[in-house]
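Novice: As input, take structure-v2.cif (mmCIF, N, CA and C atoms and all ligand atoms):
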```cif
data_upload
#
loop_
_atom_site.label_atom_id
_atom_site.label_comp_id
_atom_site.auth_asym_id
_atom_site.auth_seq_id
_atom_site.Cartn_x
_atom_site.Cartn_y
_atom_site.Cartn_z
N MET A 1 112.10 164.34 67.78
CA MET A 1 111.34 163.99 68.98
C MET A 1 112.24 163.22 69.95
N PRO A 2 112.22 163.61 71.23
CA PRO A 2 113.10 162.90 72.19
C PRO A 2 112.69 161.44 72.35
N TYR A 3 113.63 160.64 72.75
CA TYR A 3 113.39 159.20 72.92
C TYR A 3 112.32 158.94 73.99
N ALA A 4 112.45 159.65 75.10
CA ALA A 4 111.47 159.49 76.19
C ALA A 4 110.89 160.86 76.49
N GLN A 5 109.63 160.89 76.84
CA GLN A 5 109.00 162.17 77.11
C GLN A 5 108.24 162.17 78.43
N TRP A 6 108.40 163.25 79.16
CA TRP A 6 107.65 163.42 80.39
C TRP A 6 106.21 163.72 80.04
N SER A 7 105.28 163.17 80.79
CA SER A 7 103.89 163.58 80.65
C SER A 7 103.26 163.55 82.03
N ASP A 8 102.10 164.20 82.14
CA ASP A 8 101.43 164.27 83.44
C ASP A 8 101.08 162.89 83.98
N SER A 9 100.96 161.92 83.08
CA SER A 9 100.63 160.57 83.54
C SER A 9 101.76 160.00 84.39
N LEU A 10 102.96 160.60 84.32
CA LEU A 10 104.08 160.14 85.13
C LEU A 10 104.17 160.84 86.48
N SER A 11 103.33 161.85 86.66
CA SER A 11 103.41 162.62 87.91
C SER A 11 102.95 161.77 89.09
N ILE A 12 103.70 161.88 90.20
CA ILE A 12 103.21 161.20 91.41
C ILE A 12 102.64 162.24 92.39
N GLY A 13 102.66 163.50 91.98
CA GLY A 13 102.04 164.53 92.81
C GLY A 13 102.91 165.05 93.94
N VAL A 14 104.17 164.63 93.97
CA VAL A 14 105.13 165.17 94.95
C VAL A 14 106.19 165.89 94.12
N LYS A 15 106.19 167.23 94.21
CA LYS A 15 106.98 168.01 93.26
C LYS A 15 108.46 167.63 93.24
N ALA A 16 109.04 167.48 94.42
CA ALA A 16 110.48 167.18 94.48
C ALA A 16 110.80 165.87 93.74
N ILE A 17 109.93 164.89 93.91
CA ILE A 17 110.17 163.59 93.25
C ILE A 17 109.88 163.70 91.75
N ASP A 18 108.81 164.40 91.39
CA ASP A 18 108.52 164.60 89.97
C ASP A 18 109.70 165.28 89.27
N ASP A 19 110.27 166.28 89.91
CA ASP A 19 111.41 167.00 89.31
C ASP A 19 112.58 166.05 89.09
N GLN A 20 112.81 165.16 90.05
CA GLN A 20 113.91 164.20 89.90
C GLN A 20 113.61 163.21 88.78
N HIS A 21 112.35 162.79 88.68
CA HIS A 21 111.98 161.88 87.59
C HIS A 21 112.16 162.56 86.23
N LYS A 22 111.85 163.86 86.17
CA LYS A 22 112.05 164.61 84.91
C LYS A 22 113.54 164.60 84.53
N GLN A 23 114.38 164.76 85.54
CA GLN A 23 115.83 164.72 85.30
C GLN A 23 116.25 163.36 84.75
N LEU A 24 115.68 162.31 85.30
CA LEU A 24 116.04 160.96 84.83
C LEU A 24 115.60 160.74 83.38
N VAL A 25 114.42 161.28 83.04
CA VAL A 25 113.95 161.18 81.66
C VAL A 25 114.92 161.94 80.74
N GLN A 26 115.35 163.12 81.20
CA GLN A 26 116.31 163.91 80.43
C GLN A 26 117.63 163.15 80.26
N MET A 27 118.07 162.50 81.31
CA MET A 27 119.33 161.75 81.26
C MET A 27 119.23 160.58 80.29
N LEU A 28 118.05 159.98 80.22
CA LEU A 28 117.84 158.89 79.27
C LEU A 28 117.94 159.44 77.83
N ASN A 29 117.38 160.62 77.61
CA ASN A 29 117.47 161.23 76.28
C ASN A 29 118.92 161.61 75.95
N ASP A 30 119.64 162.09 76.94
CA ASP A 30 121.06 162.42 76.71
C ASP A 30 121.84 161.17 76.33
N LEU A 31 121.51 160.08 77.00
CA LEU A 31 122.19 158.81 76.71
C LEU A 31 121.87 158.36 75.28
N CYS A 32 120.61 158.49 74.91
CA CYS A 32 120.19 158.13 73.55
C CYS A 32 120.96 158.97 72.52
N ASP A 33 121.04 160.28 72.76
CA ASP A 33 121.75 161.17 71.84
C ASP A 33 123.25 160.87 71.79
N ALA A 34 123.77 160.35 72.90
CA ALA A 34 125.21 160.08 72.98
C ALA A 34 125.66 159.11 71.89
N PHE A 35 124.73 158.26 71.46
CA PHE A 35 125.08 157.26 70.45
C PHE A 35 125.56 157.91 69.15
N ASP A 36 125.03 159.08 68.85
CA ASP A 36 125.39 159.77 67.60
C ASP A 36 126.56 160.73 67.77
N SER A 37 127.10 160.77 68.97
CA SER A 37 128.22 161.68 69.19
C SER A 37 129.49 161.16 68.52
N PRO A 38 130.30 162.07 67.95
CA PRO A 38 131.56 161.62 67.36
C PRO A 38 132.49 161.02 68.42
N ASP A 39 132.26 161.39 69.67
CA ASP A 39 133.06 160.88 70.78
C ASP A 39 132.22 159.89 71.60
N ARG A 40 131.55 158.99 70.87
CA ARG A 40 130.55 158.12 71.48
C ARG A 40 131.01 157.43 72.76
N GLU A 41 132.16 156.78 72.71
CA GLU A 41 132.61 156.00 73.87
C GLU A 41 132.62 156.83 75.15
N ASN A 42 133.23 158.00 75.06
CA ASN A 42 133.35 158.85 76.25
C ASN A 42 132.01 159.42 76.68
N VAL A 43 131.23 159.84 75.70
CA VAL A 43 129.96 160.48 76.05
C VAL A 43 128.99 159.47 76.66
N VAL A 44 128.96 158.27 76.11
CA VAL A 44 128.10 157.23 76.68
C VAL A 44 128.55 156.90 78.11
N ALA A 45 129.86 156.77 78.29
CA ALA A 45 130.40 156.46 79.63
C ALA A 45 130.01 157.54 80.63
N THR A 46 130.12 158.79 80.22
CA THR A 46 129.76 159.91 81.11
C THR A 46 128.27 159.87 81.44
N CYS A 47 127.46 159.63 80.42
CA CYS A 47 126.00 159.58 80.65
C CYS A 47 125.65 158.47 81.64
N LEU A 48 126.26 157.31 81.48
CA LEU A 48 125.95 156.19 82.38
C LEU A 48 126.40 156.49 83.81
N SER A 49 127.55 157.12 83.95
CA SER A 49 128.03 157.47 85.29
C SER A 49 127.10 158.47 85.95
N LYS A 50 126.68 159.47 85.17
CA LYS A 50 125.77 160.48 85.72
C LYS A 50 124.44 159.85 86.12
N MET A 51 123.94 158.97 85.27
CA MET A 51 122.65 158.34 85.56
C MET A 51 122.75 157.49 86.82
N LYS A 52 123.84 156.79 86.98
CA LYS A 52 123.99 155.95 88.17
C LYS A 52 124.03 156.82 89.44
N LYS A 53 124.84 157.85 89.40
CA LYS A 53 124.99 158.72 90.57
C LYS A 53 123.65 159.40 90.90
N TYR A 54 123.01 159.94 89.86
CA TYR A 54 121.77 160.67 90.10
C TYR A 54 120.66 159.75 90.59
N SER A 55 120.57 158.56 90.01
CA SER A 55 119.50 157.67 90.45
C SER A 55 119.74 157.19 91.87
N GLN A 56 121.00 157.00 92.26
CA GLN A 56 121.27 156.62 93.65
C GLN A 56 120.80 157.71 94.62
N GLU A 57 121.08 158.96 94.26
CA GLU A 57 120.65 160.08 95.12
C GLU A 57 119.12 160.17 95.16
N HIS A 58 118.52 160.01 93.99
CA HIS A 58 117.07 160.07 93.90
C HIS A 58 116.42 158.94 94.71
N PHE A 59 116.96 157.72 94.60
CA PHE A 59 116.39 156.59 95.34
C PHE A 59 116.54 156.82 96.84
N THR A 60 117.65 157.39 97.26
CA THR A 60 117.84 157.69 98.68
C THR A 60 116.74 158.63 99.17
N ASP A 61 116.41 159.64 98.37
CA ASP A 61 115.34 160.58 98.74
C ASP A 61 113.99 159.86 98.83
N GLU A 62 113.72 159.03 97.83
CA GLU A 62 112.45 158.31 97.81
C GLU A 62 112.35 157.34 98.99
N GLU A 63 113.45 156.68 99.28
CA GLU A 63 113.45 155.71 100.38
C GLU A 63 113.26 156.42 101.71
N GLN A 64 113.82 157.61 101.82
CA GLN A 64 113.63 158.41 103.03
C GLN A 64 112.16 158.80 103.18
N LEU A 65 111.56 159.20 102.08
CA LEU A 65 110.13 159.56 102.08
C LEU A 65 109.29 158.38 102.55
N MET A 66 109.63 157.18 102.07
CA MET A 66 108.88 155.98 102.48
C MET A 66 109.09 155.70 103.97
N LYS A 67 110.34 155.81 104.41
CA LYS A 67 110.63 155.56 105.84
C LYS A 67 109.89 156.54 106.72
N ASP A 68 109.95 157.83 106.35
CA ASP A 68 109.31 158.86 107.16
C ASP A 68 107.81 158.63 107.31
N ASN A 69 107.23 157.95 106.32
CA ASN A 69 105.78 157.76 106.33
C ASN A 69 105.37 156.32 106.64
N ASN A 70 106.33 155.52 107.11
CA ASN A 70 106.07 154.10 107.42
C ASN A 70 105.36 153.38 106.28
N TYR A 71 105.88 153.57 105.10
CA TYR A 71 105.27 152.95 103.92
C TYR A 71 105.44 151.43 104.02
N PRO A 72 104.33 150.68 103.95
CA PRO A 72 104.42 149.24 104.22
C PRO A 72 105.18 148.43 103.16
N GLU A 73 105.21 148.90 101.91
CA GLU A 73 105.85 148.09 100.86
C GLU A 73 107.27 148.54 100.53
N ILE A 74 107.91 149.13 101.54
CA ILE A 74 109.24 149.70 101.31
C ILE A 74 110.27 148.66 100.86
N GLU A 75 110.24 147.47 101.43
CA GLU A 75 111.26 146.47 101.10
C GLU A 75 111.22 146.10 99.61
N ALA A 76 110.03 145.81 99.12
CA ALA A 76 109.88 145.44 97.71
C ALA A 76 110.29 146.61 96.81
N HIS A 77 109.97 147.81 97.26
CA HIS A 77 110.29 148.99 96.47
C HIS A 77 111.81 149.19 96.38
N ILE A 78 112.48 149.02 97.51
CA ILE A 78 113.94 149.15 97.52
C ILE A 78 114.58 148.11 96.60
N LYS A 79 114.01 146.91 96.58
CA LYS A 79 114.51 145.85 95.68
C LYS A 79 114.49 146.32 94.23
N GLU A 80 113.40 146.98 93.84
CA GLU A 80 113.30 147.48 92.46
C GLU A 80 114.40 148.51 92.18
N HIS A 81 114.65 149.36 93.16
CA HIS A 81 115.72 150.35 93.00
C HIS A 81 117.07 149.66 92.82
N GLU A 82 117.28 148.62 93.62
CA GLU A 82 118.56 147.90 93.55
C GLU A 82 118.77 147.27 92.17
N ILE A 83 117.68 146.74 91.63
CA ILE A 83 117.77 146.12 90.31
C ILE A 83 118.20 147.15 89.27
N PHE A 84 117.63 148.34 89.37
CA PHE A 84 117.98 149.41 88.42
C PHE A 84 119.46 149.76 88.53
N ILE A 85 119.94 149.95 89.75
CA ILE A 85 121.35 150.31 89.95
C ILE A 85 122.27 149.19 89.44
N GLU A 86 121.89 147.95 89.72
CA GLU A 86 122.70 146.82 89.22
C GLU A 86 122.75 146.82 87.69
N LYS A 87 121.61 147.10 87.08
CA LYS A 87 121.54 147.12 85.62
C LYS A 87 122.45 148.22 85.06
N VAL A 88 122.33 149.42 85.62
CA VAL A 88 123.14 150.53 85.11
C VAL A 88 124.63 150.22 85.32
N SER A 89 124.96 149.61 86.45
CA SER A 89 126.36 149.23 86.69
C SER A 89 126.82 148.21 85.65
N ALA A 90 125.94 147.26 85.34
CA ALA A 90 126.29 146.23 84.35
C ALA A 90 126.48 146.87 82.96
N TYR A 91 125.65 147.84 82.64
CA TYR A 91 125.80 148.53 81.35
C TYR A 91 127.12 149.28 81.29
N LYS A 92 127.48 149.88 82.42
CA LYS A 92 128.77 150.59 82.47
C LYS A 92 129.92 149.62 82.23
N ALA A 93 129.86 148.48 82.88
CA ALA A 93 130.91 147.47 82.71
C ALA A 93 130.94 146.98 81.27
N ALA A 94 129.76 146.73 80.71
CA ALA A 94 129.68 146.25 79.33
C ALA A 94 130.23 147.29 78.36
N GLN A 95 129.99 148.55 78.69
CA GLN A 95 130.46 149.62 77.81
C GLN A 95 131.98 149.67 77.79
N ILE A 96 132.58 149.46 78.94
CA ILE A 96 134.04 149.45 79.03
C ILE A 96 134.60 148.29 78.20
N GLU A 97 133.88 147.15 78.26
CA GLU A 97 134.31 145.96 77.51
C GLU A 97 133.88 146.04 76.03
N GLN A 98 133.17 147.10 75.69
CA GLN A 98 132.70 147.33 74.31
C GLN A 98 131.75 146.26 73.80
N TYR A 99 130.92 145.73 74.66
CA TYR A 99 129.86 144.85 74.15
C TYR A 99 128.50 145.33 74.62
N LEU A 100 128.38 146.63 74.77
CA LEU A 100 127.12 147.20 75.24
C LEU A 100 126.02 147.06 74.19
N PRO A 101 124.91 146.39 74.53
CA PRO A 101 123.77 146.31 73.60
C PRO A 101 122.95 147.60 73.72
N PHE A 102 123.29 148.56 72.91
CA PHE A 102 122.79 149.92 73.12
C PHE A 102 121.26 150.03 73.07
N GLN A 103 120.67 149.48 72.02
CA GLN A 103 119.21 149.60 71.88
C GLN A 103 118.47 148.86 73.00
N ASP A 104 118.98 147.68 73.34
CA ASP A 104 118.36 146.92 74.43
C ASP A 104 118.43 147.71 75.73
N MET A 105 119.58 148.34 75.93
CA MET A 105 119.77 149.13 77.15
C MET A 105 118.74 150.27 77.21
N LEU A 106 118.61 151.01 76.09
CA LEU A 106 117.65 152.12 76.07
C LEU A 106 116.24 151.63 76.38
N GLU A 107 115.89 150.51 75.75
CA GLU A 107 114.53 150.00 75.95
C GLU A 107 114.32 149.55 77.39
N PHE A 108 115.33 148.91 77.96
CA PHE A 108 115.19 148.49 79.36
C PHE A 108 115.02 149.71 80.27
N LEU A 109 115.89 150.70 80.10
CA LEU A 109 115.86 151.87 81.00
C LEU A 109 114.53 152.61 80.87
N LYS A 110 114.07 152.75 79.63
CA LYS A 110 112.81 153.47 79.42
C LYS A 110 111.65 152.70 80.03
N SER A 111 111.55 151.41 79.76
CA SER A 111 110.40 150.70 80.31
C SER A 111 110.50 150.57 81.82
N TRP A 112 111.72 150.42 82.35
CA TRP A 112 111.84 150.36 83.81
C TRP A 112 111.34 151.68 84.41
N LEU A 113 111.80 152.79 83.86
CA LEU A 113 111.42 154.09 84.42
C LEU A 113 109.91 154.29 84.38
N VAL A 114 109.33 154.05 83.21
CA VAL A 114 107.89 154.29 83.05
C VAL A 114 107.09 153.35 83.96
N GLU A 115 107.46 152.08 83.97
CA GLU A 115 106.70 151.12 84.79
C GLU A 115 106.90 151.37 86.28
N HIS A 116 108.13 151.66 86.66
CA HIS A 116 108.40 151.89 88.08
C HIS A 116 107.66 153.14 88.58
N ILE A 117 107.69 154.19 87.78
CA ILE A 117 107.03 155.43 88.19
C ILE A 117 105.51 155.24 88.24
N THR A 118 104.95 154.66 87.17
CA THR A 118 103.49 154.60 87.10
C THR A 118 102.90 153.51 88.01
N GLU A 119 103.71 152.53 88.38
CA GLU A 119 103.16 151.50 89.27
C GLU A 119 103.67 151.72 90.70
N SER A 120 104.95 151.55 90.90
CA SER A 120 105.47 151.56 92.27
C SER A 120 105.50 152.95 92.91
N ASP A 121 105.96 153.95 92.16
CA ASP A 121 106.06 155.29 92.77
C ASP A 121 104.67 155.91 92.99
N GLN A 122 103.77 155.69 92.05
CA GLN A 122 102.43 156.25 92.22
C GLN A 122 101.69 155.57 93.37
N LYS A 123 102.10 154.35 93.69
CA LYS A 123 101.54 153.65 94.85
C LYS A 123 101.93 154.36 96.15
N ILE A 124 103.18 154.85 96.19
CA ILE A 124 103.62 155.60 97.38
C ILE A 124 102.73 156.84 97.49
N ALA A 125 102.56 157.52 96.35
CA ALA A 125 101.78 158.76 96.34
C ALA A 125 100.35 158.50 96.82
N ALA A 126 99.77 157.42 96.36
CA ALA A 126 98.40 157.09 96.76
C ALA A 126 98.36 156.83 98.27
N PHE A 127 99.38 156.16 98.79
CA PHE A 127 99.46 155.89 100.22
C PHE A 127 99.57 157.20 101.01
N LEU A 128 100.39 158.13 100.51
CA LEU A 128 100.60 159.40 101.21
C LEU A 128 99.32 160.23 101.27
N LYS A 129 98.49 160.09 100.24
CA LYS A 129 97.25 160.89 100.17
C LYS A 129 96.20 160.40 101.15
N ARG A 130 96.36 159.16 101.61
CA ARG A 130 95.33 158.61 102.50
C ARG A 130 95.33 159.28 103.87
FE FE R 201 110.93 154.43 93.29
#
```
Render the structure in this file as structure tokens.

Specialist:
Amino acid sequence: MPYAQWSDSLSIGVKAIDDQHKQLVQMLNDLCDAFDSPDRENVVATCLSKMKKYSQEHFTDEEQLMKDNNYPEIEAHIKEHEIFIEKVSAYKAAQIEQYLPFQDMLEFLKSWLVEHITESDQKIAAFLKR
């Protein structure tokens, strides 16, 4: 069973964003699997780099969607995105220094994704439907 699983409860009802969220869930599972790779150091590093790049692109899309629709809580939302990027960057740095707390990292990323999607992102969706 994968570490994280997509379910309809994570849908925000905007297909392009849902598809990107599915990718992020997949990337989290790839990162989890990387731990068992014989080439762990390299595979984990690659997964973290991909996740950082992809989430930056995804956040840019989401932020554009908020701007285009004059979403009132955009500032707070962008702050949450920044925290995620800072965290992933810190994990990358920790990985290079070989003190990466792997399980803590997985748990943080999973709970951030689920909470951010079901609370903050679904709030955007609710606003758009009005
Ligand atoms: Fe978001």

Novice: With only C-alpha atoms and all ligand atoms counted, collect every polymer residue having an atom within 9 Å of ligand FE 201 (chain R); state the result as a list in words.

Specialist: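 Residues satisfying the distance criterion: His58, Phe59, Glu62, Glu63, His77, Ile78, Glu80, His81, Leu113, His116, Ile117, Ser120, Asp121, Gln122 and Ile124 of chain A.
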
Novice: Let's have the selection written as an mmCIF file, in the frame of the given file, with N, CA and C atoms.

Specialist:
```cif
data_model
loop_
_atom_site.group_PDB
_atom_site.id
_atom_site.type_symbol
_atom_site.label_atom_id
_atom_site.label_comp_id
_atom_site.auth_asym_id
_atom_site.auth_seq_id
_atom_site.Cartn_x
_atom_site.Cartn_y
_atom_site.Cartn_z
ATOM 1 N N HIS A 58 118.520 160.010 93.990
ATOM 2 C CA HIS A 58 117.070 160.070 93.900
ATOM 3 C C HIS A 58 116.420 158.940 94.710
ATOM 4 N N PHE A 59 116.960 157.720 94.600
ATOM 5 C CA PHE A 59 116.390 156.590 95.340
ATOM 6 C C PHE A 59 116.540 156.820 96.840
ATOM 7 N N GLU A 62 113.720 159.030 97.830
ATOM 8 C CA GLU A 62 112.450 158.310 97.810
ATOM 9 C C GLU A 62 112.350 157.340 98.990
ATOM 10 N N GLU A 63 113.450 156.680 99.280
ATOM 11 C CA GLU A 63 113.450 155.710 100.380
ATOM 12 C C GLU A 63 113.260 156.420 101.710
ATOM 13 N N HIS A 77 109.970 147.810 97.260
ATOM 14 C CA HIS A 77 110.290 148.990 96.470
ATOM 15 C C HIS A 77 111.810 149.190 96.380
ATOM 16 N N ILE A 78 112.480 149.020 97.510
ATOM 17 C CA ILE A 78 113.940 149.150 97.520
ATOM 18 C C ILE A 78 114.580 148.110 96.600
ATOM 19 N N GLU A 80 113.400 146.980 93.840
ATOM 20 C CA GLU A 80 113.300 147.480 92.460
ATOM 21 C C GLU A 80 114.400 148.510 92.180
ATOM 22 N N HIS A 81 114.650 149.360 93.160
ATOM 23 C CA HIS A 81 115.720 150.350 93.000
ATOM 24 C C HIS A 81 117.070 149.660 92.820
ATOM 25 N N LEU A 113 111.800 152.790 83.860
ATOM 26 C CA LEU A 113 111.420 154.090 84.420
ATOM 27 C C LEU A 113 109.910 154.290 84.380
ATOM 28 N N HIS A 116 108.130 151.660 86.660
ATOM 29 C CA HIS A 116 108.400 151.890 88.080
ATOM 30 C C HIS A 116 107.660 153.140 88.580
ATOM 31 N N ILE A 117 107.690 154.190 87.780
ATOM 32 C CA ILE A 117 107.030 155.430 88.190
ATOM 33 C C ILE A 117 105.510 155.240 88.240
ATOM 34 N N SER A 120 104.950 151.550 90.900
ATOM 35 C CA SER A 120 105.470 151.560 92.270
ATOM 36 C C SER A 120 105.500 152.950 92.910
ATOM 37 N N ASP A 121 105.960 153.950 92.160
ATOM 38 C CA ASP A 121 106.060 155.290 92.770
ATOM 39 C C ASP A 121 104.670 155.910 92.990
ATOM 40 N N GLN A 122 103.770 155.690 92.050
ATOM 41 C CA GLN A 122 102.430 156.250 92.220
ATOM 42 C C GLN A 122 101.690 155.570 93.370
ATOM 43 N N ILE A 124 103.180 154.850 96.190
ATOM 44 C CA ILE A 124 103.620 155.600 97.380
ATOM 45 C C ILE A 124 102.730 156.840 97.490
#
```

Novice: Taking the point (116.0, 149.3, 85.5) as given in the file, collect each protein or nucleic acid residue that comes within 8 Å of it, counting only N, CA and C atoms, and present the set as a PyMOL selection string.

Specialist: chain A and resi 80-88+108-113

Novice: Name the residues in contact with segment 14-25 of chain A at a cut-off of 8 Å, using only N, CA and C atoms, excluding same-chain residues fewer than 6 positions from it; report them as a list in words.

Specialist: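 The neighbour list is Tyr3, Ala4, Gln5, Trp6, Leu31, Met51, Tyr54, Ser55, His58, Asp61, Glu62, Leu113 and Ala125 of chain A.
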
Novice: One number please: atom N of Val44 of chain A to atom C of Ala90 of chain A, in Å, one decimal.

Specialist: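 Answer for the atom N of Val44 of chain A to atom C of Ala90 of chain A separation: 13.5 Å.
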
Novice: Measure the distance from atom CA of Asp33 of chain A to atom CA of Lys50 of chain A in Å and round it to one decimal.

Specialist: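 These two atoms are separated by 14.5 Å.
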
Novice: Between atom N of Leu10 of chain A and atom C of Val43 of chain A, what is the distance, to one decimal in Å?

Specialist: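 One can read the atom N of Leu10 of chain A to atom C of Val43 of chain A distance as 27.2 Å.
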
Novice: Using only C-alpha atoms, find the one residue out of A:Lys123, A:Gln56, A:Pro101, A:Asp39 that sits nearest to Ile74 of chain A.

Specialist: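 With only C-alpha atoms as the atom set, the closest residue is A:Lys123.
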
Novice: Identify which of the residues A:Tyr99, A:Ser9, A:Phe35, A:Ser89 lies closest to Lys52 of chain A, counting all atoms listed in the file when measuring atom-to-atom distances.

Specialist: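 When distances to Lys52 of chain A are compared using all atoms listed in the file, the smallest one comes from A:Ser89.
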
Novice: Would you mind telling me which residue in A:Cys32, A:Met27, A:Ala45, A:Ser11 lies nearest to Ile96 of chain A when using only N, CA and C atoms?

Specialist: A:Ala45

Novice: Would you pick out the contacts of Tyr71 of chain A at 8 Å or less, using only N, CA and C atoms, so that residues sharing its chain but fewer than 5 positions from it are not included, and give the list as a count of residues only?

Specialist: 5
